[in-house]
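> What follows is run_26.txt; its format and atoms are compact mmCIF, C-alpha atoms and all ligand atoms.
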```
# COMPACT_ATOMS: atom_id res chain seq x y z
CA MET L 1 -38.54 71.76 2.54
CA ASP L 2 -37.92 71.37 6.28
CA LEU L 3 -34.92 69.09 6.67
CA GLY L 4 -35.79 68.29 10.27
CA LEU L 5 -32.30 69.19 11.47
CA LYS L 6 -33.33 71.65 14.17
CA ASP L 7 -31.39 70.92 17.39
CA LYS L 8 -29.67 67.88 15.89
CA VAL L 9 -25.97 67.79 16.86
CA ALA L 10 -23.51 67.47 13.99
CA ILE L 11 -19.77 66.89 14.03
CA VAL L 12 -17.96 67.85 10.82
CA THR L 13 -14.31 66.79 10.72
CA GLY L 14 -11.76 69.00 8.94
CA SER L 15 -14.19 71.91 9.07
CA ALA L 16 -11.88 74.85 9.70
CA ARG L 17 -12.12 75.71 6.00
CA GLY L 18 -13.15 74.44 2.57
CA LEU L 19 -15.93 71.90 2.06
CA GLY L 20 -16.09 71.10 5.78
CA ALA L 21 -16.60 74.74 6.81
CA ALA L 22 -19.30 75.21 4.14
CA THR L 23 -21.01 72.03 5.36
CA ALA L 24 -20.86 73.08 9.02
CA ARG L 25 -22.41 76.42 8.07
CA ARG L 26 -25.17 74.82 6.03
CA LEU L 27 -26.10 72.39 8.82
CA ALA L 28 -26.06 75.24 11.36
CA GLU L 29 -28.31 77.32 9.10
CA GLU L 30 -30.76 74.40 9.17
CA GLY L 31 -30.85 74.66 12.96
CA ALA L 32 -28.28 72.00 13.83
CA LYS L 33 -25.76 72.54 16.63
CA VAL L 34 -22.42 72.02 14.95
CA VAL L 35 -19.05 70.93 16.27
CA VAL L 36 -16.21 72.23 14.12
CA THR L 37 -13.07 70.16 14.51
CA ASP L 38 -9.69 70.46 12.82
CA ILE L 39 -5.95 70.51 13.43
CA LEU L 40 -5.88 74.15 12.24
CA ALA L 41 -6.68 75.76 15.59
CA GLU L 42 -6.91 79.41 14.54
CA GLN L 43 -8.98 78.77 11.42
CA ALA L 44 -11.31 76.42 13.27
CA GLN L 45 -11.86 79.00 16.01
CA ALA L 46 -12.45 81.72 13.40
CA THR L 47 -15.01 79.53 11.61
CA VAL L 48 -16.86 78.95 14.89
CA ALA L 49 -16.70 82.64 15.83
CA ASP L 50 -18.17 83.51 12.44
CA LEU L 51 -21.09 81.08 12.92
CA GLN L 52 -21.73 82.29 16.46
CA ALA L 53 -21.71 85.91 15.25
CA LYS L 54 -24.59 84.95 12.96
CA GLY L 55 -26.50 83.58 15.95
CA LEU L 56 -25.84 79.93 15.01
CA ALA L 57 -24.92 77.20 17.51
CA ALA L 58 -21.31 76.10 17.07
CA HIS L 59 -18.51 74.72 19.22
CA CYS L 60 -14.82 74.26 18.38
CA VAL L 61 -12.70 71.22 19.25
CA VAL L 62 -9.11 71.37 18.06
CA GLY L 63 -7.72 67.90 17.46
CA ASP L 64 -6.15 65.36 15.15
CA ILE L 65 -8.66 62.92 13.68
CA THR L 66 -5.97 60.22 13.36
CA LYS L 67 -5.45 60.13 17.14
CA ALA L 68 -7.91 57.97 19.10
CA ALA L 69 -7.56 60.07 22.27
CA ASP L 70 -8.38 63.30 20.36
CA VAL L 71 -11.40 61.66 18.75
CA GLU L 72 -12.73 60.39 22.08
CA ARG L 73 -12.33 63.90 23.52
CA LEU L 74 -14.10 65.35 20.47
CA VAL L 75 -17.17 63.16 20.93
CA ALA L 76 -17.21 63.60 24.72
CA GLU L 77 -17.13 67.41 24.26
CA ALA L 78 -19.88 67.31 21.65
CA VAL L 79 -22.11 65.33 24.01
CA ALA L 80 -21.23 67.48 27.04
CA THR L 81 -21.83 70.74 25.14
CA PHE L 82 -24.87 69.90 23.04
CA GLY L 83 -26.30 66.73 24.59
CA GLY L 84 -25.80 64.13 21.83
CA VAL L 85 -24.38 63.36 18.40
CA HIS L 86 -26.81 62.81 15.54
CA VAL L 87 -24.73 63.57 12.45
CA LEU L 88 -21.09 62.79 11.66
CA VAL L 89 -19.48 64.08 8.48
CA ASN L 90 -16.13 62.38 7.85
CA ASN L 91 -14.59 65.14 5.75
CA ALA L 92 -10.96 65.58 6.92
CA GLY L 93 -8.55 64.58 4.19
CA PHE L 94 -5.86 65.59 1.78
CA PRO L 95 -4.02 64.22 -1.26
CA ARG L 96 -0.31 63.36 -1.61
CA ASP L 97 -0.20 62.91 -5.38
CA LYS L 98 2.70 61.07 -7.02
CA TYR L 99 3.21 58.45 -9.67
CA LEU L 100 3.38 55.11 -7.89
CA VAL L 101 7.10 54.57 -8.48
CA LYS L 102 7.77 57.89 -6.73
CA MET L 103 5.22 57.41 -3.96
CA SER L 104 6.85 56.97 -0.56
CA GLU L 105 5.50 54.82 2.23
CA GLU L 106 4.85 58.07 4.09
CA ASP L 107 2.73 59.41 1.19
CA TRP L 108 0.67 56.24 1.38
CA ASP L 109 0.34 56.11 5.18
CA LEU L 110 -0.56 59.80 5.62
CA VAL L 111 -3.44 59.59 3.16
CA MET L 112 -4.74 56.28 4.54
CA ASN L 113 -4.48 57.54 8.11
CA VAL L 114 -6.31 60.82 7.73
CA MET L 115 -9.12 59.49 5.56
CA LEU L 116 -9.65 55.82 6.42
CA LYS L 117 -8.34 55.60 9.97
CA GLY L 118 -9.78 59.03 10.79
CA ALA L 119 -13.23 58.00 9.55
CA PHE L 120 -12.97 54.67 11.38
CA LEU L 121 -12.04 56.30 14.70
CA ALA L 122 -14.69 59.02 14.45
CA THR L 123 -17.47 56.66 13.37
CA ARG L 124 -16.59 54.14 16.07
CA ALA L 125 -16.61 56.90 18.67
CA VAL L 126 -20.06 58.30 17.77
CA MET L 127 -21.80 54.97 17.16
CA PRO L 128 -22.74 54.08 20.78
CA LYS L 129 -24.51 57.46 21.16
CA MET L 130 -26.31 57.08 17.81
CA ILE L 131 -27.42 53.55 18.78
CA GLU L 132 -28.67 54.83 22.14
CA GLN L 133 -30.60 57.63 20.36
CA GLY L 134 -32.00 55.22 17.75
CA TRP L 135 -31.12 57.85 15.14
CA GLY L 136 -27.93 58.73 13.29
CA ARG L 137 -26.47 59.92 10.02
CA VAL L 138 -22.90 59.26 8.93
CA ILE L 139 -21.72 60.86 5.71
CA ASN L 140 -18.27 60.11 4.33
CA ILE L 141 -16.76 62.62 1.93
CA SER L 142 -15.35 60.39 -0.78
CA SER L 143 -14.37 61.75 -4.21
CA ARG L 144 -14.94 61.15 -7.91
CA ALA L 145 -11.34 59.89 -7.62
CA HIS L 146 -12.71 56.63 -6.20
CA LEU L 147 -13.05 55.73 -9.89
CA GLY L 148 -9.29 56.21 -10.30
CA ASN L 149 -6.98 59.08 -11.20
CA PRO L 150 -3.33 58.94 -12.29
CA THR L 151 -0.92 59.93 -9.45
CA GLN L 152 -3.65 59.18 -6.92
CA ALA L 153 -3.26 55.46 -6.13
CA ASN L 154 -3.24 56.30 -2.41
CA TYR L 155 -6.04 58.90 -2.56
CA SER L 156 -8.27 56.83 -4.89
CA ALA L 157 -7.79 53.74 -2.69
CA ALA L 158 -8.73 55.69 0.44
CA LYS L 159 -11.76 57.29 -1.22
CA ALA L 160 -12.94 53.90 -2.53
CA GLY L 161 -12.30 52.53 0.97
CA LEU L 162 -14.66 55.13 2.45
CA ILE L 163 -17.39 53.84 0.14
CA GLY L 164 -16.77 50.23 1.19
CA MET L 165 -16.85 51.27 4.82
CA ALA L 166 -20.14 53.13 4.32
CA LYS L 167 -21.76 50.15 2.58
CA ALA L 168 -20.68 47.76 5.34
CA LEU L 169 -21.89 50.07 8.11
CA ALA L 170 -25.16 50.80 6.31
CA ILE L 171 -25.96 47.10 6.60
CA GLU L 172 -24.55 46.73 10.10
CA GLN L 173 -26.18 49.78 11.72
CA GLY L 174 -29.45 50.18 9.81
CA ARG L 175 -31.45 48.37 12.50
CA TYR L 176 -30.70 51.27 14.88
CA GLY L 177 -32.13 53.95 12.60
CA ILE L 178 -28.66 54.93 11.42
CA THR L 179 -27.91 55.62 7.76
CA VAL L 180 -24.40 55.71 6.30
CA ASN L 181 -23.78 57.31 2.91
CA CYS L 182 -21.08 58.97 0.85
CA VAL L 183 -20.85 62.19 -1.11
CA ALA L 184 -18.32 62.03 -3.96
CA PRO L 185 -17.30 65.55 -4.97
CA GLY L 186 -15.84 66.30 -8.36
CA PHE L 187 -13.52 69.26 -8.81
CA MET L 188 -14.46 71.82 -6.16
CA GLU L 189 -12.85 75.19 -5.73
CA THR L 190 -11.23 75.10 -2.26
CA GLU L 191 -7.85 75.99 -0.75
CA MET L 192 -6.79 72.34 -0.98
CA VAL L 193 -7.00 72.21 -4.77
CA GLN L 194 -5.90 75.83 -5.24
CA ALA L 195 -2.64 74.86 -3.50
CA LEU L 196 -1.86 72.18 -6.10
CA PRO L 197 0.89 73.21 -8.55
CA THR L 198 -1.26 71.83 -11.38
CA TYR L 199 -4.39 73.72 -10.23
CA GLU L 200 -5.08 75.70 -13.45
CA THR L 201 -4.60 72.64 -15.69
CA ILE L 202 -6.76 70.40 -13.52
CA LYS L 203 -9.48 73.04 -13.36
CA GLU L 204 -9.54 73.48 -17.15
CA ARG L 205 -9.63 69.71 -17.74
CA ALA L 206 -12.32 69.15 -15.12
CA VAL L 207 -14.67 71.77 -16.52
CA ALA L 208 -14.08 70.47 -20.06
CA ALA L 209 -14.99 66.93 -18.93
CA GLN L 210 -18.15 67.99 -17.07
CA PRO L 211 -21.54 68.27 -18.74
CA ILE L 212 -22.24 71.19 -16.39
CA LYS L 213 -19.72 73.85 -17.36
CA ARG L 214 -18.71 75.47 -14.13
CA VAL L 215 -16.37 74.75 -11.25
CA GLY L 216 -17.96 73.04 -8.26
CA ARG L 217 -18.54 75.20 -5.20
CA PRO L 218 -18.30 74.17 -1.52
CA GLN L 219 -22.00 75.01 -1.25
CA ASP L 220 -22.81 72.21 -3.73
CA ILE L 221 -21.32 69.66 -1.33
CA ALA L 222 -22.88 71.29 1.72
CA ASP L 223 -26.35 71.02 0.14
CA ALA L 224 -25.91 67.31 -0.69
CA VAL L 225 -24.62 66.55 2.82
CA ALA L 226 -27.47 68.50 4.45
CA PHE L 227 -30.00 66.43 2.52
CA LEU L 228 -28.37 63.10 3.44
CA ALA L 229 -28.14 64.25 7.07
CA SER L 230 -31.80 65.15 7.13
CA GLU L 231 -34.96 63.45 8.28
CA ARG L 232 -35.97 63.35 4.59
CA ALA L 233 -33.15 60.93 3.70
CA GLY L 234 -34.03 58.31 6.31
CA PHE L 235 -34.66 55.55 3.74
CA ILE L 236 -31.39 56.13 1.83
CA SER L 237 -28.37 54.16 3.06
CA GLY L 238 -25.18 52.73 1.58
CA GLU L 239 -25.42 55.19 -1.34
CA VAL L 240 -22.87 57.37 -3.10
CA VAL L 241 -24.13 60.75 -4.29
CA HIS L 242 -21.82 62.11 -6.99
CA VAL L 243 -21.67 65.90 -6.94
CA THR L 244 -19.49 66.25 -10.01
CA GLY L 245 -21.40 68.37 -12.52
CA GLY L 246 -22.45 65.11 -14.20
CA ARG L 247 -18.89 63.77 -14.66
CA TYR L 248 -18.19 60.12 -13.84
CA GLY L 249 -15.09 58.97 -15.76
N1 LIG T 1 -11.80 70.17 -3.22
C1 LIG T 1 -12.03 69.16 -4.04
O1 LIG T 1 -12.01 69.31 -5.27
C2 LIG T 1 -12.36 67.81 -3.50
C3 LIG T 1 -12.80 66.84 -4.41
C4 LIG T 1 -13.12 65.58 -3.94
C5 LIG T 1 -13.01 65.29 -2.59
N2 LIG T 1 -12.56 66.25 -1.72
C6 LIG T 1 -12.45 65.88 -0.32
O2 LIG T 1 -13.19 66.77 0.49
C7 LIG T 1 -12.59 66.90 1.78
C8 LIG T 1 -12.37 68.37 2.07
O3 LIG T 1 -11.51 68.91 1.09
P1 LIG T 1 -11.26 70.48 0.92
O4 LIG T 1 -11.05 70.70 -0.52
O5 LIG T 1 -12.26 71.26 1.67
O6 LIG T 1 -9.81 70.57 1.60
P2 LIG T 1 -9.22 71.55 2.71
O7 LIG T 1 -7.76 71.26 2.78
O8 LIG T 1 -9.66 72.95 2.48
O9 LIG T 1 -9.94 71.01 4.03
C9 LIG T 1 -9.56 69.80 4.64
C10 LIG T 1 -9.46 70.07 6.13
O10 LIG T 1 -9.06 68.85 6.80
C11 LIG T 1 -8.21 69.22 7.84
N3 LIG T 1 -7.37 68.11 8.29
C12 LIG T 1 -6.32 67.57 7.64
N4 LIG T 1 -5.75 66.63 8.40
C13 LIG T 1 -6.47 66.56 9.55
C14 LIG T 1 -6.36 65.77 10.73
N5 LIG T 1 -5.40 64.86 10.87
N6 LIG T 1 -7.25 65.98 11.72
C15 LIG T 1 -8.23 66.92 11.59
N7 LIG T 1 -8.37 67.69 10.50
C16 LIG T 1 -7.49 67.52 9.49
C17 LIG T 1 -7.35 70.34 7.25
O11 LIG T 1 -6.67 71.08 8.24
C18 LIG T 1 -8.40 71.12 6.48
O12 LIG T 1 -8.97 72.16 7.25
C19 LIG T 1 -11.32 66.07 1.73
O13 LIG T 1 -11.55 64.79 2.27
C20 LIG T 1 -11.04 65.96 0.24
O14 LIG T 1 -10.29 64.82 -0.07
C21 LIG T 1 -12.24 67.50 -2.14
```
Once you've parsed the file, please lay out its structure as structure tokens.


Amino acid sequence: MDLGLKDKVAIVTGSARGLGAATARRLAEEGAKVVVTDILAEQAQATVADLQAKGLAAHCVVGDITKAADVERLVAEAVATFGGVHVLVNNAGFPRDKYLVKMSEEDWDLVMNVMLKGAFLATRAVMPKMIEQGWGRVINISSRAHLGNPTQANYSAAKAGLIGMAKALAIEQGRYGITVNCVAPGFMETEMVQALPTYETIKERAVAAQPIKRVGRPQDIADAVAFLASERAGFISGEVVHVTGGRYG
């Protein structure tokens, strides 16, 4: 199936590694020109060098998605380098898991800032170009955790917030040919989850709770995002695609 992504320009936030890097690669393999952006300068540059070595179109912008000036520079560079912005994947994010009584204000603010404020700033920055083009795809990386997880009041709230934001923008921006959707990953094997002290326990529990008995792979998310970013998904907006091996609760 031709996804119609050839020469589309895609920004993937937090794409130095993990799900973002896999998504950037997948979009580039479909012919998109991808902008890899992250605070991890060396890893972001290495990811771009790897894509370029495979003959794929990629550009690196190092920056912090929570800073409006960095986000404006990101979008300006994407447009200057590749001539537009057609796809935005709001992927940058991390957890700060604690039981609520032990959760600091900083734990709350960091998680809200990177996921909700970051997605707000990036989406606001690309929207004028998407409106001008009469074509756009915004995909927020939410999480199965939007349904709630103990120790994740901050993370679950932010991930549910990304869904609310997508549903509002789907209604607001649809008239311009712009769709806004979410992908909600389940347990995916990436450096972020491997770094958790409870990694082995979470992994065992996740696989036990999933009808499909394997750990999720970054490629699973990349495939779902590529479809939602594609020409083929032009009549789907305000949706949440769960990529969780069939697990919901
Ligand atoms: N791995 C999972 O099981 C899982 C499950 C559900 C949802 N998610 C979500 O998927 C997304 C990617 O997760 P991952 O597992 O690939 O994690 P990861 O830590 O490997 O990747 C996240 C990237 O975001 C970047 N980032 C963090 N703060 C940033 C900032 N301020 N500005 C720019 N970049 C920043 C990090 O440097 C990192 O490269 C996250 O939003 C995460 O919450 C992951």

> Give me, as a tab-separated table (two decimals) with C-alpha atoms, keeping the file's coordinate frame, all polymer residues having an atom no more than 7 Å from range 180-189 of chain L, counting all atoms listed in the file and skipping those fewer than 6 positions away in the same chain.


```tsv
chain	number	residue	atom	x	y	z
L	137	ARG	CA	-26.47	59.92	10.02
L	138	VAL	CA	-22.90	59.26	8.93
L	139	ILE	CA	-21.72	60.86	5.71
L	140	ASN	CA	-18.27	60.11	4.33
L	141	ILE	CA	-16.76	62.62	1.93
L	142	SER	CA	-15.35	60.39	-0.78
L	143	SER	CA	-14.37	61.75	-4.21
L	144	ARG	CA	-14.94	61.15	-7.91
L	163	ILE	CA	-17.39	53.84	0.14
L	166	ALA	CA	-20.14	53.13	4.32
L	169	LEU	CA	-21.89	50.07	8.11
L	170	ALA	CA	-25.16	50.80	6.31
L	206	ALA	CA	-12.32	69.15	-15.12
L	215	VAL	CA	-16.37	74.75	-11.25
L	216	GLY	CA	-17.96	73.04	-8.26
L	217	ARG	CA	-18.54	75.20	-5.20
L	218	PRO	CA	-18.30	74.17	-1.52
L	221	ILE	CA	-21.32	69.66	-1.33
L	225	VAL	CA	-24.62	66.55	2.82
L	237	SER	CA	-28.37	54.16	3.06
L	238	GLY	CA	-25.18	52.73	1.58
L	239	GLU	CA	-25.42	55.19	-1.34
L	240	VAL	CA	-22.87	57.37	-3.10
L	241	VAL	CA	-24.13	60.75	-4.29
L	242	HIS	CA	-21.82	62.11	-6.99
L	243	VAL	CA	-21.67	65.90	-6.94
L	244	THR	CA	-19.49	66.25	-10.01
```

> Could you tell me which of L:Trp135, L:Phe120, L:Tyr155, L:Tyr248 comes closest to ligand LIG 1 (chain T) if we count only C-alpha atoms and all ligand atoms?

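Checking each candidate against ligand LIG 1 (chain T), we get L:Tyr155 as the closest.
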
> Enumerate as a VMD selection string the residues within 8 Å of ligand LIG 1 (chain T), counting all atoms listed in the file.

chain L and resid 13 to 21 37 to 40 43 to 44 62 to 67 90 to 95 113 to 115 118 141 to 145 155 159 184 to 193 216 218

> What is the CA of Ala153 in chain L-CA of Pro197 in chain L distance in Å, reported with one decimal?

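Value for the CA of Ala153 in chain L-CA of Pro197 in chain L distance: 18.4 Å.
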
> Env of Arg247 in chain L: 7 Å cut, atoms = all atoms listed in the file, seq-sep filter 2 positions within chain, self excluded. Answer as JSON, numbers by chain.

{"L": [209, 210, 211, 244, 245, 249]}

> Quick one: residues within 6 Å of Val9 in chain L, all atoms listed in the file, excluding same-chain residues fewer than 5 positions away - as number ranges by chain?

L: 32-34, 85-86

> Please produce an output containing C-alpha atoms for each residue in the selection, written as a CSV table (one decimal), in the coordinates of the input.


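The resulting file, result-v4.csv, is reproduced below:
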```csv
chain,number,residue,atom,x,y,z
L,32,ALA,CA,-28.3,72.0,13.8
L,33,LYS,CA,-25.8,72.5,16.6
L,34,VAL,CA,-22.4,72.0,15.0
L,85,VAL,CA,-24.4,63.4,18.4
L,86,HIS,CA,-26.8,62.8,15.5
```

> Measure the distance from CA of Leu5 in chain L to CA of Gly84 in chain L in Å and round it to one decimal.

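Computing it gives 13.2 Å between the two atoms.
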
> Which residues come within 7 Å of Asn154 in chain L, counting all atoms listed in the file, excluding same-chain residues fewer than 2 positions away, as number ranges by chain?

L: 108, 111, 152, 156-158

> Tell me, in Å to one decimal, how far CA of Ile171 in chain L is from CA of Leu228 in chain L.

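Interatomic distance, CA of Ile171 in chain L to CA of Leu228 in chain L: 16.5 Å.
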
> Considering all atoms listed in the file, can you say which of L:Asn149, L:Thr47, L:Gly177, L:Ile236 comes closest to Ile202 in chain L?

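Distance minimum relative to Ile202 in chain L lands on L:Asn149.
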
> When you look at Val126 in chain L with a cut-off of 10 Å (counting all atoms listed in the file), what residues show up, excluding the ones that are within fewer than 4 positions of it in the same chain? I need them as a PyMOL selection string.

chain L and resi 11+71-72+74-76+78-79+84-88+121-122+130-131+136+138

> So which one's closest to Gly161 in chain L, L:Arg124, L:Lys117, L:Lys129, L:Arg26? Using all atoms listed in the file, please.

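The answer is L:Lys117, which sits nearest to Gly161 in chain L.
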
> Using only C-alpha atoms, find the one residue out of L:Ser104, L:Thr151, L:Thr179, L:Gln194 that sits nearest to Val89 in chain L.

L:Thr179

> Have a look at L:Ala28, L:Pro150, L:Met1, L:Leu196 and name the one nearest to Lys98 in chain L; count only C-alpha atoms.

L:Pro150

> Which residue is closest to Gly134 in chain L? Choose from L:Gly174, L:Gly148, L:Gly4, L:Gly164 and count only C-alpha atoms.

L:Gly174

> Some atoms are missing, so please complete range 156-175 of chain L with N, CA, C and O atoms and return it as a short mmCIF file (atom, residue, chain, number, x, y, z; two decimals), in the frame of the given file.


```cif
data_model
loop_
_atom_site.label_atom_id
_atom_site.label_comp_id
_atom_site.auth_asym_id
_atom_site.auth_seq_id
_atom_site.Cartn_x
_atom_site.Cartn_y
_atom_site.Cartn_z
N SER L 156 -7.15 57.58 -4.30
CA SER L 156 -8.27 56.83 -4.89
C SER L 156 -8.60 55.61 -4.04
O SER L 156 -9.78 55.28 -3.83
N ALA L 157 -7.56 54.93 -3.54
CA ALA L 157 -7.79 53.74 -2.69
C ALA L 157 -8.51 54.14 -1.41
O ALA L 157 -9.45 53.48 -0.98
N ALA L 158 -8.08 55.25 -0.81
CA ALA L 158 -8.73 55.69 0.44
C ALA L 158 -10.17 56.11 0.17
O ALA L 158 -11.08 55.79 0.95
N LYS L 159 -10.40 56.82 -0.93
CA LYS L 159 -11.76 57.29 -1.22
C LYS L 159 -12.69 56.13 -1.57
O LYS L 159 -13.88 56.15 -1.24
N ALA L 160 -12.15 55.11 -2.27
CA ALA L 160 -12.94 53.90 -2.53
C ALA L 160 -13.17 53.15 -1.23
O ALA L 160 -14.26 52.59 -0.99
N GLY L 161 -12.18 53.18 -0.35
CA GLY L 161 -12.30 52.53 0.97
C GLY L 161 -13.42 53.14 1.79
O GLY L 161 -14.15 52.44 2.48
N LEU L 162 -13.58 54.46 1.70
CA LEU L 162 -14.66 55.13 2.45
C LEU L 162 -16.02 54.66 1.97
O LEU L 162 -16.97 54.58 2.75
N ILE L 163 -16.12 54.34 0.68
CA ILE L 163 -17.39 53.84 0.14
C ILE L 163 -17.65 52.42 0.67
O ILE L 163 -18.75 52.11 1.12
N GLY L 164 -16.61 51.59 0.66
CA GLY L 164 -16.77 50.23 1.19
C GLY L 164 -17.18 50.25 2.66
O GLY L 164 -18.06 49.51 3.09
N MET L 165 -16.53 51.15 3.39
CA MET L 165 -16.85 51.27 4.82
C MET L 165 -18.31 51.68 5.01
O MET L 165 -19.04 51.11 5.84
N ALA L 166 -18.76 52.65 4.21
CA ALA L 166 -20.14 53.13 4.32
C ALA L 166 -21.13 52.01 4.00
O ALA L 166 -22.14 51.84 4.68
N LYS L 167 -20.83 51.23 2.97
CA LYS L 167 -21.76 50.15 2.58
C LYS L 167 -21.83 49.07 3.65
O LYS L 167 -22.90 48.54 3.95
N ALA L 168 -20.68 48.76 4.25
CA ALA L 168 -20.68 47.76 5.34
C ALA L 168 -21.47 48.28 6.54
O ALA L 168 -22.31 47.57 7.11
N LEU L 169 -21.22 49.53 6.92
CA LEU L 169 -21.89 50.07 8.11
C LEU L 169 -23.37 50.32 7.87
O LEU L 169 -24.17 50.23 8.81
N ALA L 170 -23.73 50.62 6.62
CA ALA L 170 -25.16 50.80 6.31
C ALA L 170 -25.91 49.53 6.64
O ALA L 170 -27.01 49.56 7.21
N ILE L 171 -25.31 48.39 6.32
CA ILE L 171 -25.96 47.10 6.60
C ILE L 171 -25.92 46.80 8.10
O ILE L 171 -26.91 46.39 8.71
N GLU L 172 -24.75 47.07 8.69
CA GLU L 172 -24.55 46.73 10.10
C GLU L 172 -25.42 47.57 11.05
O GLU L 172 -25.93 47.06 12.04
N GLN L 173 -25.57 48.86 10.75
CA GLN L 173 -26.18 49.78 11.72
C GLN L 173 -27.61 50.20 11.39
O GLN L 173 -28.22 50.95 12.14
N GLY L 174 -28.11 49.75 10.24
CA GLY L 174 -29.45 50.18 9.81
C GLY L 174 -30.53 49.89 10.83
O GLY L 174 -31.46 50.68 11.02
N ARG L 175 -30.41 48.78 11.53
CA ARG L 175 -31.45 48.37 12.50
C ARG L 175 -31.62 49.38 13.63
O ARG L 175 -32.60 49.37 14.36
#
```
